[in-house]
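Asker: Before we start, here is the structure in question, set down as structure tokens.
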Amino acid sequence: MNEFLNYSSEPADKDAFTKGLDRAYGLIARPYDIGVKLLPVWKTWLKRAIPHIQGPRVLEVSFGTGFLLTQYAGRFNTDGIDYNEKMVAVASANLKRKNIAARLRQGNVESLPYEHDTFDCIVSTMAFSGYPDGQCAMSELHRVLRPGGRLVLIDVEYPADGNRLGMGVMRLWVGLGDLIRDLGKLLHEFGFDYTEEEIGGFGSVHLYVATKRS
Ligand SMILES: C[S@@+](CC[C@H](N)C(=O)[O-])C[C@H]1O[C@@H](n2cnc3c(N)ncnc32)[C@H](O)[C@@H]1O
């Protein structure tokens, strides 16, 4: 079915894309924080990652305002990286308020400041569709994950049964600027073994639990 789906082409100017998105996140970081805390459906999707997180070393990429970090980071040796300075500030305050320790920093998924094979698990939710270069991002996630380590990815993808409500929600994601990718194909290309599950949005939100082959 996937050959017939309308996947996004990647932006010609990747730097301009990332900077434009960053300006938008800078403006909405605080309302975003309130939105995530108040929207049960968003929290329900993100929490689906938790049972799959394995330690001891965990990296969350693009943690936003850090809601998911507040749910698990205290149980692991946790690092986090997000491109947007304001998101990093809001997430740091959220963790501090709950007395949860994690090393958060600003940075780009396309050049992760970590050694090869560092993490037992990498988590990324609702962010991959905002990266302008899927190959580059996946290559970095793969590089810093140890062999046998786990990538837990939640993002938007077409519902397998093409149901009308799910396809309608996909149009909304596209309208919001998300880049829709065949994430299963990308994981396969990078040599991950993975499972995929539709977890919400009428089949438009998918959870991937992927293992880097040893
Ligand atoms: C839609 S938010 C998702 C936040 C959170 N993971 C959640 O599920 O609510 C996307 C996040 O990706 C971050 N982001 C965008 N481009 C990035 C990049 N190139 N590298 C790292 N983070 C990036 C943004 O700053 C933002 O915090």
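Every chain in the structure tokens has a letter given in the order shown (A, B, ...), and although residue numbers restart at 1 in each chain, ligands are simply numbered from 1 in the order shown.
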Residues at most 10 Å from Asn94 of chain A, counting only C-alpha atoms, excluding those fewer than 2 positions away in the same chain, as a ChimeraX atom specification?

Answerer: /A:33,65-67,69-70,88-92,96-100

Asker: Residues within 7 Å of ligand 1, counting only C-alpha atoms and all ligand atoms: report them as a PyMOL selection string.

Answerer: chain A and resi 18+21-22+25+36+46+61-67+81-84+87+107-110+124-127+130-131

Asker: Which neighbours of segment 176-181 of chain A fall inside 12 Å, counting only C-alpha atoms, when residues of the same chain fewer than 5 positions from it are skipped, and could you give them as a PyMOL selection string?

Answerer: chain A and resi 2-3+5-11+17-18+20-21+24+126-135+138+155-159+169-171+186-187+204-206

Asker: Dump N, CA, C and O atoms for the selected residues as a short mmCIF file (atom, residue, chain, number, x, y, z; two decimals), in the first residue's frame?

Answerer:
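File written: part.cif
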data_model
loop_
_atom_site.label_atom_id
_atom_site.label_comp_id
_atom_site.auth_asym_id
_atom_site.auth_seq_id
_atom_site.Cartn_x
_atom_site.Cartn_y
_atom_site.Cartn_z
N ASN A 2 2.09 1.18 0.67
CA ASN A 2 2.86 2.39 0.89
C ASN A 2 3.27 3.14 -0.37
O ASN A 2 3.37 4.36 -0.35
N GLU A 3 3.46 2.40 -1.50
CA GLU A 3 3.88 3.11 -2.73
C GLU A 3 2.83 4.10 -3.19
O GLU A 3 3.11 5.02 -3.92
N LEU A 5 0.92 5.99 -1.25
CA LEU A 5 0.67 7.08 -0.31
C LEU A 5 1.50 8.30 -0.68
O LEU A 5 2.57 8.20 -1.27
N ASN A 6 0.96 9.43 -0.27
CA ASN A 6 1.55 10.69 -0.69
C ASN A 6 2.55 11.18 0.36
O ASN A 6 2.22 11.98 1.22
N TYR A 7 3.77 10.67 0.29
CA TYR A 7 4.78 11.10 1.26
C TYR A 7 5.34 12.46 0.87
O TYR A 7 5.37 12.82 -0.31
N SER A 8 5.80 13.20 1.88
CA SER A 8 6.26 14.58 1.65
C SER A 8 7.62 14.58 0.98
O SER A 8 8.44 13.70 1.24
N SER A 9 7.84 15.59 0.16
CA SER A 9 9.21 15.78 -0.30
C SER A 9 9.91 16.66 0.75
O SER A 9 9.25 17.42 1.48
N GLU A 10 11.22 16.54 0.80
CA GLU A 10 11.93 17.28 1.86
C GLU A 10 12.25 18.68 1.37
O GLU A 10 12.43 18.91 0.17
N PRO A 11 12.28 19.64 2.28
CA PRO A 11 12.50 21.03 1.86
C PRO A 11 13.88 21.23 1.23
O PRO A 11 14.86 20.60 1.66
N PHE A 17 14.26 25.83 6.86
CA PHE A 17 13.12 25.08 7.42
C PHE A 17 13.27 24.97 8.93
O PHE A 17 12.35 25.27 9.70
N THR A 18 14.46 24.53 9.37
CA THR A 18 14.69 24.32 10.82
C THR A 18 14.60 25.65 11.57
O THR A 18 14.00 25.72 12.65
N GLY A 20 12.93 28.36 10.66
CA GLY A 20 11.53 28.83 10.65
C GLY A 20 10.73 28.12 11.73
O GLY A 20 9.98 28.74 12.49
N LEU A 21 10.90 26.79 11.81
CA LEU A 21 10.19 26.00 12.82
C LEU A 21 10.62 26.44 14.22
O LEU A 21 9.81 26.55 15.14
N ALA A 24 8.89 29.51 15.35
CA ALA A 24 7.51 29.20 15.77
C ALA A 24 7.51 28.57 17.16
O ALA A 24 6.73 28.97 18.03
N MET A 126 6.59 12.80 18.41
CA MET A 126 5.93 13.85 17.65
C MET A 126 6.92 14.92 17.17
O MET A 126 6.62 16.11 17.18
N ALA A 127 8.09 14.48 16.76
CA ALA A 127 9.13 15.43 16.35
C ALA A 127 9.77 15.06 15.01
O ALA A 127 10.21 15.96 14.28
N PHE A 128 9.84 13.77 14.69
CA PHE A 128 10.57 13.37 13.48
C PHE A 128 9.99 14.04 12.24
O PHE A 128 10.72 14.41 11.32
N SER A 129 8.68 14.24 12.24
CA SER A 129 8.01 14.85 11.07
C SER A 129 8.33 16.35 10.97
O SER A 129 7.89 17.01 10.02
N GLY A 130 9.10 16.86 11.92
CA GLY A 130 9.55 18.26 11.83
C GLY A 130 11.02 18.36 11.48
O GLY A 130 11.58 19.46 11.49
N TYR A 131 11.66 17.22 11.21
CA TYR A 131 13.07 17.27 10.80
C TYR A 131 13.13 17.35 9.28
O TYR A 131 12.49 16.55 8.59
N PRO A 132 13.93 18.26 8.74
CA PRO A 132 13.92 18.45 7.29
C PRO A 132 14.62 17.34 6.50
O PRO A 132 14.37 17.18 5.32
N ASP A 133 15.51 16.59 7.17
CA ASP A 133 16.29 15.58 6.46
C ASP A 133 16.19 14.26 7.24
O ASP A 133 16.93 14.03 8.20
N GLY A 134 15.26 13.42 6.81
CA GLY A 134 14.98 12.18 7.53
C GLY A 134 16.18 11.25 7.58
O GLY A 134 16.43 10.60 8.60
N GLN A 135 16.92 11.17 6.48
CA GLN A 135 18.09 10.28 6.42
C GLN A 135 19.14 10.72 7.43
O GLN A 135 19.73 9.91 8.13
N MET A 138 17.90 10.10 11.05
CA MET A 138 17.90 8.68 11.41
C MET A 138 19.32 8.17 11.55
O MET A 138 19.63 7.34 12.42
N ASP A 155 5.22 9.01 16.03
CA ASP A 155 5.03 10.11 15.07
C ASP A 155 3.85 9.82 14.15
O ASP A 155 3.20 8.78 14.28
N VAL A 156 3.64 10.74 13.24
CA VAL A 156 2.48 10.62 12.36
C VAL A 156 2.83 9.81 11.12
O VAL A 156 3.94 9.92 10.59
N GLU A 157 1.88 8.99 10.69
CA GLU A 157 2.02 8.16 9.49
C GLU A 157 0.61 7.81 9.03
O GLU A 157 -0.34 7.90 9.82
N TYR A 158 0.48 7.41 7.80
CA TYR A 158 -0.85 7.06 7.30
C TYR A 158 -1.43 5.84 8.01
O TYR A 158 -0.69 4.89 8.30
N PRO A 159 -2.75 5.86 8.26
CA PRO A 159 -3.38 4.66 8.83
C PRO A 159 -3.34 3.53 7.80
O PRO A 159 -3.59 3.77 6.62
N VAL A 169 -7.24 13.40 9.43
CA VAL A 169 -6.29 13.90 10.43
C VAL A 169 -4.91 14.07 9.78
O VAL A 169 -4.19 15.04 10.06
N MET A 170 -4.56 13.16 8.86
CA MET A 170 -3.27 13.30 8.16
C MET A 170 -3.22 14.63 7.40
O MET A 170 -2.18 15.29 7.38
N ARG A 171 -4.35 15.01 6.80
CA ARG A 171 -4.35 16.29 6.08
C ARG A 171 -4.11 17.45 7.05
O ARG A 171 -3.45 18.43 6.72
N LEU A 186 12.20 3.68 6.37
CA LEU A 186 13.42 4.34 6.84
C LEU A 186 14.11 3.49 7.92
O LEU A 186 15.34 3.30 7.88
N LEU A 187 13.34 2.98 8.85
CA LEU A 187 13.92 2.13 9.91
C LEU A 187 14.56 0.89 9.28
O LEU A 187 15.66 0.48 9.67
N SER A 204 -3.54 7.63 12.73
CA SER A 204 -2.52 8.51 12.15
C SER A 204 -1.32 8.73 13.07
O SER A 204 -0.34 9.37 12.67
N VAL A 205 -1.39 8.22 14.28
CA VAL A 205 -0.25 8.34 15.20
C VAL A 205 0.29 6.93 15.46
O VAL A 205 -0.47 6.05 15.88
N HIS A 206 1.56 6.73 15.16
CA HIS A 206 2.15 5.39 15.23
C HIS A 206 3.27 5.33 16.27
O HIS A 206 4.02 6.30 16.43
#

Asker: Between A:Tyr32, A:Phe202, A:Tyr208, A:Tyr72, single out the one closest to Gly166 of chain A, counting only C-alpha atoms.

Answerer: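 Using only C-alpha atoms, Gly166 of chain A sits closest to A:Phe202.
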
Asker: What gap, in Å, lies between atom CA of Asp182 of chain A and atom CA of Ala210 of chain A?

Answerer: 14.4 Å

Asker: Run DSSP on the backbone and give me the residues of segment 96-194 of chain A it puts in alpha helix (DSSP H), as a ChimeraX atom specification.

Answerer: /A:96-97,134-144,164-175,183-189

Asker: Do you have the atom CA of Glu60 of chain A-atom CA of Ile199 of chain A distance handy?

Answerer: 19.6 Å

Asker: Hey, what's within 9 Å of Lys212 of chain A if we count only C-alpha atoms and toss same-chain stuff fewer than 4 positions away? As a list in words, please?

Answerer: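 Within the cut-off, the hits are His142, Leu145, Arg146, Pro147, Gly148, Gly149, Arg150, Leu151, Phe190, Gly191, Phe192, Asp193 and Tyr194 of chain A.
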
Asker: Run DSSP on the backbone and grab whatever in segment 5-202 of chain A lands in strand (DSSP E); send it over as an MDAnalysis selection string.

Answerer: chainID A and resid 57:61 77:82 103:106 119:125 145:156 192:200
